[in-house]
Amino acid sequence: MKKIMSKDMTIHLKYWKQDGPDVPGHFEEYTLDTVNEHMSFLEMLDVLNEELQLEGKDPVEFDYDCREGICGSCNLVINGQAHGPKAKVACCQLHMRNYKNGDKITIEPPRAAAFPIIKDLVVDRGAFDRIIEVGGYVSVKTGSAQEANALPVEKEKSDEAFDYATCIGCGACVAACPNASASLFTGAKLAHLNKFPQGEVERSNRAIAMVDQMKEEGFGDCSNFAECEAVCPVGISISAIAEMRRDYMKALVS
Amino acid sequence: MKLDSKAPEGPLKEKWSKHKKEMKLVAPNNKRKYEVIVVGTGLAGGAAAASMAELGYNVKSFCIQDSARRAHSIAAQGGINAAKNYPNDGDSIWRLFYDTIKGGDYRSRESNVYRLAEVANEIIDQAVAQGVPFAREYSGLLANRSFGGAQVSRTFYARGQTGQQLLLGAYQAMMRQVNEGGIEYHPRHEMLEVVIIDGKARGIITRDLVSGELKKWEADAVVLATGGYGNVFYLSTNAKNSNVTAAWRAHRKGALFANPCYVQVHPTCIPVSGDYQSKLTLMSESLRNDGRVWVPRKKGDDRHPNDIPDEERFYYLEEKYPSFGNLVPRDVASRNAKIVCDEGLGVGPTGLSVYLDFRDVIKRDGKDTVEAKYGNLFDMYENIAGENPYEQPMRIYPAVHYTMGGLWVDYNLMTNIPGLFATGEANFSDHGANRLGASALMQGLSDGYFVLPATIGNYLADVKPGTRYGTDHDAFVSAEKEAQDNIDKLLNINGKRTIVDFHRTLGKIVWDNIGIARNEEDLKKAIKEIQELREEFWTNVYVPGEKNNYNKYLEFAGRVADFFELAELMAKDALERKESCGCHLREEYQSEEGEAIRNDEEFSYVAAWEFKGVNGELQEELHKENLEFEFVELKQRSYK
């Protein structure tokens, strides 16, 4: 194989280390001088961890899985920005060509009371599962569905539903929100299901259950900062939140 | 050991309905007395957990990720097949069945494959009812497209994220059952052992990946829906956490592992750029509907691709396979990419890639149309490769994508261990030696929503309700000890080489010798190299951190250890199969034109391996399940 010739960069890293939810954490620093522009951000962290291990030091833990921007496992806050500087990508799809030689990068976990730290950059996002649990679905049992084409759905509506359904559940919206609100996450699921006739039946109950659960989990309320939309790796619009509030109010008075 | 497929007798069309009629049932009031463990929450596991809980069983669901929504099914892009025949282009259940069994190069069971084709229509109904946003026509009705290797348009899709949308549907159905109390949900738990009592699967041992604690769980049946083993190659399109551990530990306890050498290499992935590379990214093969694959005719032609005129471009798939062209099945497309690159015609900085060009379709349909169809894929490509595919061809190369082999199961999806079931990619059942595009989602959901929930009742009906041995039973205690000993052993080696370094080295041996093309000499060499490297692993690996804490590297160490054993079995299986079929190309068995030569007389069987121990060398005994074809005539595949 011919080698790709591209110059290595030196990157100064500062990353969060914390042993568990109840112990104080701190930053550690390391300088990597073999960073390549084709590496993804997480591949750079792999290289960091290889070096740390070879020096007998403790590697830094972070969540990841698919590394192609769809599973929503990764959720690093990079220089204060959820998923880093590039719009509409998860940090596993952020490539080092977005940085230059000598850059300083600070890496933190998403910080929110509802996302307790497990270790280092890994947090517990079980709260998102519990929001879905109370109503983020159409209550249809396996086997009881009607013929798929029996109910036409306007293409526009279906496409719009997709735009909300594409949420990857990473939690960047929570990390970016000054109130640590999960409104974009919750609103996106409501907006997705509301667009379909199949979702209409449970619309009101769903809105009340999910919004109440969001509060229960300790997420804050929305104050329209729109930071969530700015960092969302799949570009979900905050119109989801407006819709959620309308539905919630309507459901309360109906 | 006699392998009984339990495939029902009778006409193909009536097998599944007859079987459903004849299977034993569990009465509704008895269902709640049964505990079922489901390991894995992808399409097969999530759908099964939800559907069985809806039926009234007590389900315990486990996954290694932080949420059930993250299983690797989520990354499937292209679509899901079903013979709805909405486009009126001549499709039928028979045709879907036939295409699938032919695509698998006649190395799967007729009965299973027909059932898959039959059940597929119900999956689409189910998904639509859940609110899965499939692509629609302006009429408001569902849209279809043609997909890799099919001459009808039977693929349903949700942009390039069909797997995500179907998985979220299954996940949401699962979460509903968590809320209703039908599912006890355990994310961040890894299964390390199956517990067997009196020859039956009765539970599992897990490691809580947050606290490190080992836990014992008892149940009346255990379902493994733990996906495929593509990560044995280190670089693959699989998610980083995908692994063979659950299936392999079951294999070590007696479950047969079938056809491990059948590995699918996907033709359209973004090429490797360097050693730090941690995974490969797939570009949906739907791109081959409109993109044209080519390399320069002249070796070492380093002109910009846009400057190479048509007559100097070698559109090798269109030339060699005029009737299928760029839509030949995955194995044919992958093999041909390797051939042209081996001949020195490959492009890009490494010489290990070919062009996939959209120039002509952009000219014909306009950029907007192309963007509407493939926009997200084009963006993804540009982001990773740093080149704009609207302006110059993509560069692609094959990468390991799917494993057809897996735990041996009968028609009821039960392994040879009573009470132990395997579904989805974790079993070997439906794709033979090669899987067609848009069929993985179909199989995962067919197993999960419709097949397993029916067949598991047939097994449970014979288990006395409320049978409990208790987790203090010797079998639980010794299985827990085995898991503990393995962890302690790994942590105490304290060697000099990192886990990733071992895994990368193993992956290269497997890719070079048990990859797109295999031959006897290389396979024998690979077995030796794997054994030597495994020996070094167990004396020189460095596993950082502690066992009673979150420790990703410890998780990986255990998985890499299992990959070492699996790799050797893959080589053995590939060596044993002296024919070329589907994705398994033995260089000794091909025509002068380089086409695969199948040997139906001697190799029309499922190779099911029984674990006998590891002593420097992996000991395995081969059992054969003969494949009988009553309904289709075996033909040499031809896509010319």
# chains A, B, ... in the order shown; residues from 1 in each chain; ligands from 1
$ interface_residues --of "chain B" --to "chain A" --cutoff "7 Å" --atoms "only C-alpha atoms" --output "PyMOL selection string"
chain B and resi 51+54+70+72+74-75+124-126+128-131+133+136-138+140-142+172-173+175-176+178-179+238-241+276-278+281+349-350+449+544-545+550
$ write_last_selection --atoms "N, CA and C atoms" --output "compact mmCIF listing (two decimals), in the first residue's frame"
# COMPACT_ATOMS: atom_id res chain seq x y z
N SER B 51 -42.46 -8.12 21.26
CA SER B 51 -43.56 -8.98 20.84
C SER B 51 -43.85 -10.06 21.88
N GLU B 54 -45.65 -8.48 24.76
CA GLU B 54 -47.05 -8.22 24.40
C GLU B 54 -47.89 -9.49 24.56
N ARG B 70 -29.42 1.99 20.43
CA ARG B 70 -28.15 2.21 19.74
C ARG B 70 -27.58 0.98 19.03
N HIS B 72 -26.51 -1.93 16.47
CA HIS B 72 -25.94 -1.61 15.16
C HIS B 72 -26.94 -1.69 14.00
N ILE B 74 -29.13 0.09 13.66
CA ILE B 74 -29.44 1.50 13.41
C ILE B 74 -28.67 2.06 12.21
N ALA B 75 -27.56 1.43 11.87
CA ALA B 75 -26.72 2.00 10.82
C ALA B 75 -27.10 1.52 9.42
N ILE B 124 -43.77 -4.80 6.88
CA ILE B 124 -44.04 -3.45 6.37
C ILE B 124 -45.31 -2.90 7.02
N ASP B 125 -46.35 -3.72 7.10
CA ASP B 125 -47.58 -3.29 7.76
C ASP B 125 -47.30 -2.85 9.19
N GLN B 126 -46.55 -3.69 9.90
CA GLN B 126 -46.25 -3.42 11.31
C GLN B 126 -45.49 -2.10 11.47
N VAL B 128 -45.27 0.47 9.42
CA VAL B 128 -46.07 1.64 9.06
C VAL B 128 -47.02 1.98 10.22
N ALA B 129 -47.60 0.97 10.83
CA ALA B 129 -48.53 1.21 11.95
C ALA B 129 -47.81 1.86 13.13
N GLN B 130 -46.51 1.58 13.26
CA GLN B 130 -45.73 2.17 14.36
C GLN B 130 -45.36 3.63 14.09
N GLY B 131 -45.55 4.07 12.86
CA GLY B 131 -45.16 5.43 12.52
C GLY B 131 -43.78 5.53 11.89
N PRO B 133 -41.39 6.41 9.20
CA PRO B 133 -41.61 7.32 8.06
C PRO B 133 -40.94 6.82 6.77
N ARG B 136 -42.59 8.01 0.58
CA ARG B 136 -43.91 7.91 -0.05
C ARG B 136 -43.94 8.63 -1.39
N GLU B 137 -44.89 8.22 -2.21
CA GLU B 137 -45.15 8.90 -3.48
C GLU B 137 -46.04 10.11 -3.20
N TYR B 138 -46.24 10.94 -4.23
CA TYR B 138 -47.15 12.08 -4.04
C TYR B 138 -48.59 11.64 -3.79
N GLY B 140 -49.37 9.65 -1.66
CA GLY B 140 -49.48 9.33 -0.24
C GLY B 140 -49.22 7.86 0.03
N LEU B 141 -49.02 7.09 -1.03
CA LEU B 141 -48.76 5.66 -0.87
C LEU B 141 -47.25 5.40 -0.82
N LEU B 142 -46.89 4.20 -0.38
CA LEU B 142 -45.48 3.90 -0.14
C LEU B 142 -44.67 3.80 -1.44
N GLN B 172 -39.13 1.59 20.39
CA GLN B 172 -40.28 2.25 21.03
C GLN B 172 -41.30 1.19 21.50
N ALA B 173 -41.49 0.16 20.67
CA ALA B 173 -42.40 -0.92 21.08
C ALA B 173 -41.87 -1.58 22.34
N MET B 175 -39.90 -0.09 24.63
CA MET B 175 -40.02 0.84 25.76
C MET B 175 -41.46 0.85 26.29
N ARG B 176 -42.42 0.68 25.38
CA ARG B 176 -43.81 0.61 25.81
C ARG B 176 -44.01 -0.56 26.76
N VAL B 178 -41.61 -1.91 28.56
CA VAL B 178 -40.89 -1.62 29.80
C VAL B 178 -41.85 -0.87 30.72
N ASN B 179 -42.56 0.09 30.14
CA ASN B 179 -43.52 0.88 30.90
C ASN B 179 -44.66 0.03 31.45
N ASN B 238 -19.01 -2.64 10.80
CA ASN B 238 -19.73 -2.82 12.06
C ASN B 238 -19.40 -1.72 13.05
N ALA B 239 -20.33 -1.50 13.97
CA ALA B 239 -20.06 -0.58 15.07
C ALA B 239 -18.94 -1.16 15.92
N LYS B 240 -18.23 -0.28 16.63
CA LYS B 240 -17.05 -0.72 17.37
C LYS B 240 -17.38 -1.75 18.45
N ASN B 241 -18.58 -1.68 19.02
CA ASN B 241 -18.91 -2.61 20.10
C ASN B 241 -19.46 -3.94 19.61
N TYR B 276 -4.39 4.44 11.83
CA TYR B 276 -5.21 4.88 12.96
C TYR B 276 -6.67 4.59 12.70
N GLN B 277 -6.99 4.18 11.46
CA GLN B 277 -8.39 3.98 11.08
C GLN B 277 -9.06 2.98 12.01
N SER B 278 -10.24 3.35 12.54
CA SER B 278 -10.87 2.48 13.52
C SER B 278 -12.04 1.72 12.95
N THR B 281 -16.57 3.07 6.66
CA THR B 281 -17.93 3.58 6.51
C THR B 281 -18.50 3.13 5.19
N PRO B 349 -4.75 7.54 -3.45
CA PRO B 349 -3.39 7.52 -2.91
C PRO B 349 -2.89 6.12 -2.57
N THR B 350 -3.77 5.18 -2.22
CA THR B 350 -3.33 3.85 -1.83
C THR B 350 -3.39 2.87 -2.99
N TYR B 449 -40.28 -10.19 15.18
CA TYR B 449 -41.71 -9.90 15.35
C TYR B 449 -42.58 -11.15 15.18
N PRO B 544 -5.59 -2.31 30.77
CA PRO B 544 -5.49 -1.30 31.81
C PRO B 544 -6.69 -1.35 32.77
N GLY B 545 -6.59 -0.61 33.86
CA GLY B 545 -7.73 -0.37 34.74
C GLY B 545 -8.09 -1.54 35.63
N TYR B 550 -16.18 1.05 35.44
CA TYR B 550 -16.39 1.14 34.00
C TYR B 550 -15.02 0.99 33.34
$ select_by_dssp --residues "region 41-160 of chain B" --states "alpha helix (DSSP H)" --output "MDAnalysis selection string"
chainID B and resid 43:55 93:103 110:130
$ closest_residue --among "B:Leu618, B:Ala258, B:Leu627, B:Leu280" --to "Pro398 (chain B)" --atoms "only C-alpha atoms"
B:Leu280
$ closest_residue --among "B:Ala567, B:Leu575, B:Ile362, B:Ile64" --to "Val232 (chain B)" --atoms "only C-alpha atoms"
B:Ala567
$ residues_around --residues "Asp302 (chain B)" --least-positions-apart "4" --cutoff "12 Å" --atoms "only C-alpha atoms" --output "PyMOL selection string"
chain B and resi 295-298+306-308+345-349+351
$ write_last_selection --atoms "N, CA and C atoms" --output "short mmCIF file (atom, residue, chain, number, x, y, z; two decimals), in the first residue's frame"
data_model
loop_
_atom_site.label_atom_id
_atom_site.label_comp_id
_atom_site.auth_asym_id
_atom_site.auth_seq_id
_atom_site.Cartn_x
_atom_site.Cartn_y
_atom_site.Cartn_z
N VAL B 295 -12.54 2.16 -13.53
CA VAL B 295 -11.14 2.48 -13.25
C VAL B 295 -10.51 2.90 -14.59
N PRO B 296 -9.39 3.59 -14.56
CA PRO B 296 -8.75 3.93 -15.84
C PRO B 296 -8.27 2.65 -16.54
N ARG B 297 -8.33 2.64 -17.87
CA ARG B 297 -7.85 1.46 -18.60
C ARG B 297 -6.34 1.29 -18.48
N LYS B 298 -5.67 2.45 -18.34
CA LYS B 298 -4.20 2.42 -18.33
C LYS B 298 -3.69 2.40 -16.90
N ASN B 306 -11.94 13.44 -13.81
CA ASN B 306 -12.77 14.19 -14.75
C ASN B 306 -12.06 14.44 -16.09
N ASP B 307 -10.73 14.31 -16.08
CA ASP B 307 -9.96 14.55 -17.32
C ASP B 307 -9.76 13.28 -18.14
N ILE B 308 -10.26 12.16 -17.63
CA ILE B 308 -10.09 10.90 -18.36
C ILE B 308 -11.31 10.69 -19.25
N LEU B 345 -4.89 -1.39 -11.48
CA LEU B 345 -5.70 -0.31 -12.05
C LEU B 345 -6.39 0.55 -10.99
N GLY B 346 -6.20 0.19 -9.73
CA GLY B 346 -6.85 0.91 -8.64
C GLY B 346 -6.45 2.38 -8.61
N VAL B 347 -7.29 3.21 -8.01
CA VAL B 347 -7.05 4.65 -7.99
C VAL B 347 -6.88 5.16 -6.55
N GLY B 348 -6.60 6.45 -6.43
CA GLY B 348 -6.44 7.07 -5.12
C GLY B 348 -5.05 6.88 -4.58
N PRO B 349 -4.75 7.54 -3.45
CA PRO B 349 -3.39 7.52 -2.91
C PRO B 349 -2.89 6.12 -2.57
N GLY B 351 -4.04 3.23 -4.10
CA GLY B 351 -4.22 2.29 -5.19
C GLY B 351 -5.27 1.24 -4.85
#
$ atom_distance --atom1 "CA of Asn224 (chain A)" --atom2 "CA of His83 (chain A)"
20.5 Å
$ closest_residue --among "A:Ala240, A:Ile105, A:Cys92, A:Cys74" --to "Phe27 (chain A)" --atoms "only C-alpha atoms"
A:Ile105
$ closest_residue --among "A:Val231, A:Met96, A:Cys177, A:Ala182" --to "Asp212 (chain A)" --atoms "only C-alpha atoms"
A:Ala182
$ closest_residue --among "B:Glu529, B:Asp488, B:Asp410, B:Asp379" --to "Leu452 (chain B)" --atoms "only C-alpha atoms"
B:Asp410
$ residues_around --residues "region 498-503 of chain B" --least-positions-apart "2" --cutoff "8 Å" --atoms "only C-alpha atoms" --output "PyMOL selection string"
(chain A and resi 50+53-54) or (chain B and resi 232+234+496+505-507+533+537+541-543+553+556-557+560)
$ residues_around --residues "Asp103 (chain A)" --least-positions-apart "5" --cutoff "10 Å" --atoms "only C-alpha atoms" --output "PyMOL selection string"
chain A and resi 9-13
$ write_last_selection --atoms "N, CA and C atoms" --output "short mmCIF file (atom, residue, chain, number, x, y, z; two decimals), in the first residue's frame"
data_model
loop_
_atom_site.label_atom_id
_atom_site.label_comp_id
_atom_site.auth_asym_id
_atom_site.auth_seq_id
_atom_site.Cartn_x
_atom_site.Cartn_y
_atom_site.Cartn_z
N MET A 9 0.08 16.76 12.75
CA MET A 9 -0.14 17.98 13.51
C MET A 9 0.15 17.71 14.98
N THR A 10 0.48 18.76 15.67
CA THR A 10 0.59 18.68 17.13
C THR A 10 -0.66 19.30 17.72
N ILE A 11 -1.31 18.56 18.62
CA ILE A 11 -2.54 19.05 19.24
C ILE A 11 -2.39 18.94 20.76
N HIS A 12 -2.73 20.03 21.45
CA HIS A 12 -2.65 20.03 22.92
C HIS A 12 -4.02 19.74 23.49
N LEU A 13 -4.13 18.61 24.19
CA LEU A 13 -5.43 18.18 24.69
C LEU A 13 -5.57 18.44 26.20
#
$ atom_distance --atom1 "CA of Asn81 (chain B)" --atom2 "CA of Arg435 (chain B)"
12.1 Å
$ residues_around --residues "Ala172 (chain A)" --least-positions-apart "2" --cutoff "9 Å" --atoms "only C-alpha atoms" --output "list of chain:residue names"
A:Asn75, A:Leu76, A:Val77, A:Gln81, A:Ala82, A:His83, A:Ala90, A:Pro110, A:Gly169, A:Cys170, A:Val174, A:Ala175, A:Ala176, A:Cys177, A:Cys228, A:Val231, A:Cys232, A:Pro233
$ atom_distance --atom1 "CA of Phe611 (chain B)" --atom2 "CA of Lys6 (chain B)"
22.7 Å
$ residues_around --residues "region 41-45 of chain B" --least-positions-apart "4" --cutoff "8 Å" --atoms "only C-alpha atoms" --output "PyMOL selection string"
chain B and resi 49+61-63+68-74+166-167+170-171+223-227+423-424+441+443-449
$ select_by_dssp --residues "region 1-249 of chain A" --states "strand (DSSP E or B)" --output "ChimeraX atom specification"
/A:9-17,26-35,40,77-78,81-82,95,104-108,117-119,122-123,181,220
$ closest_residue --among "B:Asn383, B:Ser242, B:Gln392, B:Thr162" --to "Asp360 (chain B)" --atoms "only C-alpha atoms"
B:Gln392
$ closest_atom_pairs --of "region 156-237 of chain B" --to "region 457-474 of chain B" --cutoff "7 Å" --atoms "only C-alpha atoms" --output "tab-separated table"
residue	atom	partner	partner_atom	distance
B:Lys216	CA	B:Thr471	CA	6.2
B:Trp217	CA	B:Thr471	CA	6.9
B:Glu218	CA	B:Thr471	CA	6.5
$ decode --residues "region 306-355 of chain B" --atoms "C-alpha atoms" --output "PDB file, in the first residue's frame"
ATOM      1  CA  ASN B 306     -12.775  14.193 -14.755  1.00  0.00           C
ATOM      2  CA  ASP B 307      -9.964  14.547 -17.319  1.00  0.00           C
ATOM      3  CA  ILE B 308     -10.089  10.904 -18.364  1.00  0.00           C
ATOM      4  CA  PRO B 309     -12.273  10.543 -21.476  1.00  0.00           C
ATOM      5  CA  ASP B 310     -14.912   7.818 -21.683  1.00  0.00           C
ATOM      6  CA  GLU B 311     -12.991   5.605 -24.086  1.00  0.00           C
ATOM      7  CA  GLU B 312     -10.121   5.430 -21.621  1.00  0.00           C
ATOM      8  CA  ARG B 313     -12.392   4.394 -18.754  1.00  0.00           C
ATOM      9  CA  PHE B 314     -12.915   0.722 -17.957  1.00  0.00           C
ATOM     10  CA  TYR B 315     -16.529   0.333 -16.799  1.00  0.00           C
ATOM     11  CA  TYR B 316     -15.667  -3.218 -15.799  1.00  0.00           C
ATOM     12  CA  LEU B 317     -19.017  -4.283 -14.323  1.00  0.00           C
ATOM     13  CA  GLU B 318     -20.994  -3.010 -17.316  1.00  0.00           C
ATOM     14  CA  GLU B 319     -18.590  -4.694 -19.734  1.00  0.00           C
ATOM     15  CA  LYS B 320     -18.387  -8.047 -17.970  1.00  0.00           C
ATOM     16  CA  TYR B 321     -22.022  -8.312 -16.895  1.00  0.00           C
ATOM     17  CA  PRO B 322     -24.092  -6.564 -19.556  1.00  0.00           C
ATOM     18  CA  SER B 323     -27.510  -7.559 -18.201  1.00  0.00           C
ATOM     19  CA  PHE B 324     -26.927  -6.596 -14.542  1.00  0.00           C
ATOM     20  CA  GLY B 325     -24.126  -4.092 -15.029  1.00  0.00           C
ATOM     21  CA  ASN B 326     -23.477  -2.059 -11.898  1.00  0.00           C
ATOM     22  CA  LEU B 327     -26.254  -3.918 -10.067  1.00  0.00           C
ATOM     23  CA  VAL B 328     -24.538  -7.308  -9.803  1.00  0.00           C
ATOM     24  CA  PRO B 329     -24.718  -8.862  -6.306  1.00  0.00           C
ATOM     25  CA  ARG B 330     -22.353  -7.684  -3.626  1.00  0.00           C
ATOM     26  CA  ASP B 331     -19.905 -10.573  -3.823  1.00  0.00           C
ATOM     27  CA  VAL B 332     -19.496 -10.197  -7.582  1.00  0.00           C
ATOM     28  CA  ALA B 333     -18.993  -6.428  -7.300  1.00  0.00           C
ATOM     29  CA  SER B 334     -16.478  -6.794  -4.446  1.00  0.00           C
ATOM     30  CA  ARG B 335     -14.468  -9.492  -6.138  1.00  0.00           C
ATOM     31  CA  ASN B 336     -14.200  -7.505  -9.337  1.00  0.00           C
ATOM     32  CA  ALA B 337     -13.007  -4.421  -7.453  1.00  0.00           C
ATOM     33  CA  LYS B 338     -10.266  -6.540  -5.896  1.00  0.00           C
ATOM     34  CA  ILE B 339      -9.349  -7.998  -9.300  1.00  0.00           C
ATOM     35  CA  VAL B 340      -8.910  -4.620 -10.995  1.00  0.00           C
ATOM     36  CA  CYS B 341      -6.941  -3.273  -8.032  1.00  0.00           C
ATOM     37  CA  ASP B 342      -4.736  -6.397  -7.964  1.00  0.00           C
ATOM     38  CA  GLU B 343      -4.081  -5.760 -11.654  1.00  0.00           C
ATOM     39  CA  GLY B 344      -2.782  -2.333 -10.708  1.00  0.00           C
ATOM     40  CA  LEU B 345      -5.704  -0.312 -12.053  1.00  0.00           C
ATOM     41  CA  GLY B 346      -6.849   0.914  -8.645  1.00  0.00           C
ATOM     42  CA  VAL B 347      -7.050   4.650  -7.988  1.00  0.00           C
ATOM     43  CA  GLY B 348      -6.441   7.069  -5.115  1.00  0.00           C
ATOM     44  CA  PRO B 349      -3.392   7.517  -2.911  1.00  0.00           C
ATOM     45  CA  THR B 350      -3.331   3.851  -1.832  1.00  0.00           C
ATOM     46  CA  GLY B 351      -4.222   2.285  -5.195  1.00  0.00           C
ATOM     47  CA  LEU B 352      -6.890   0.389  -3.285  1.00  0.00           C
ATOM     48  CA  SER B 353     -10.052   2.023  -4.582  1.00  0.00           C
ATOM     49  CA  VAL B 354     -12.241   2.343  -7.677  1.00  0.00           C
ATOM     50  CA  TYR B 355     -14.417   5.194  -8.915  1.00  0.00           C
TER      51      TYR B 355
END
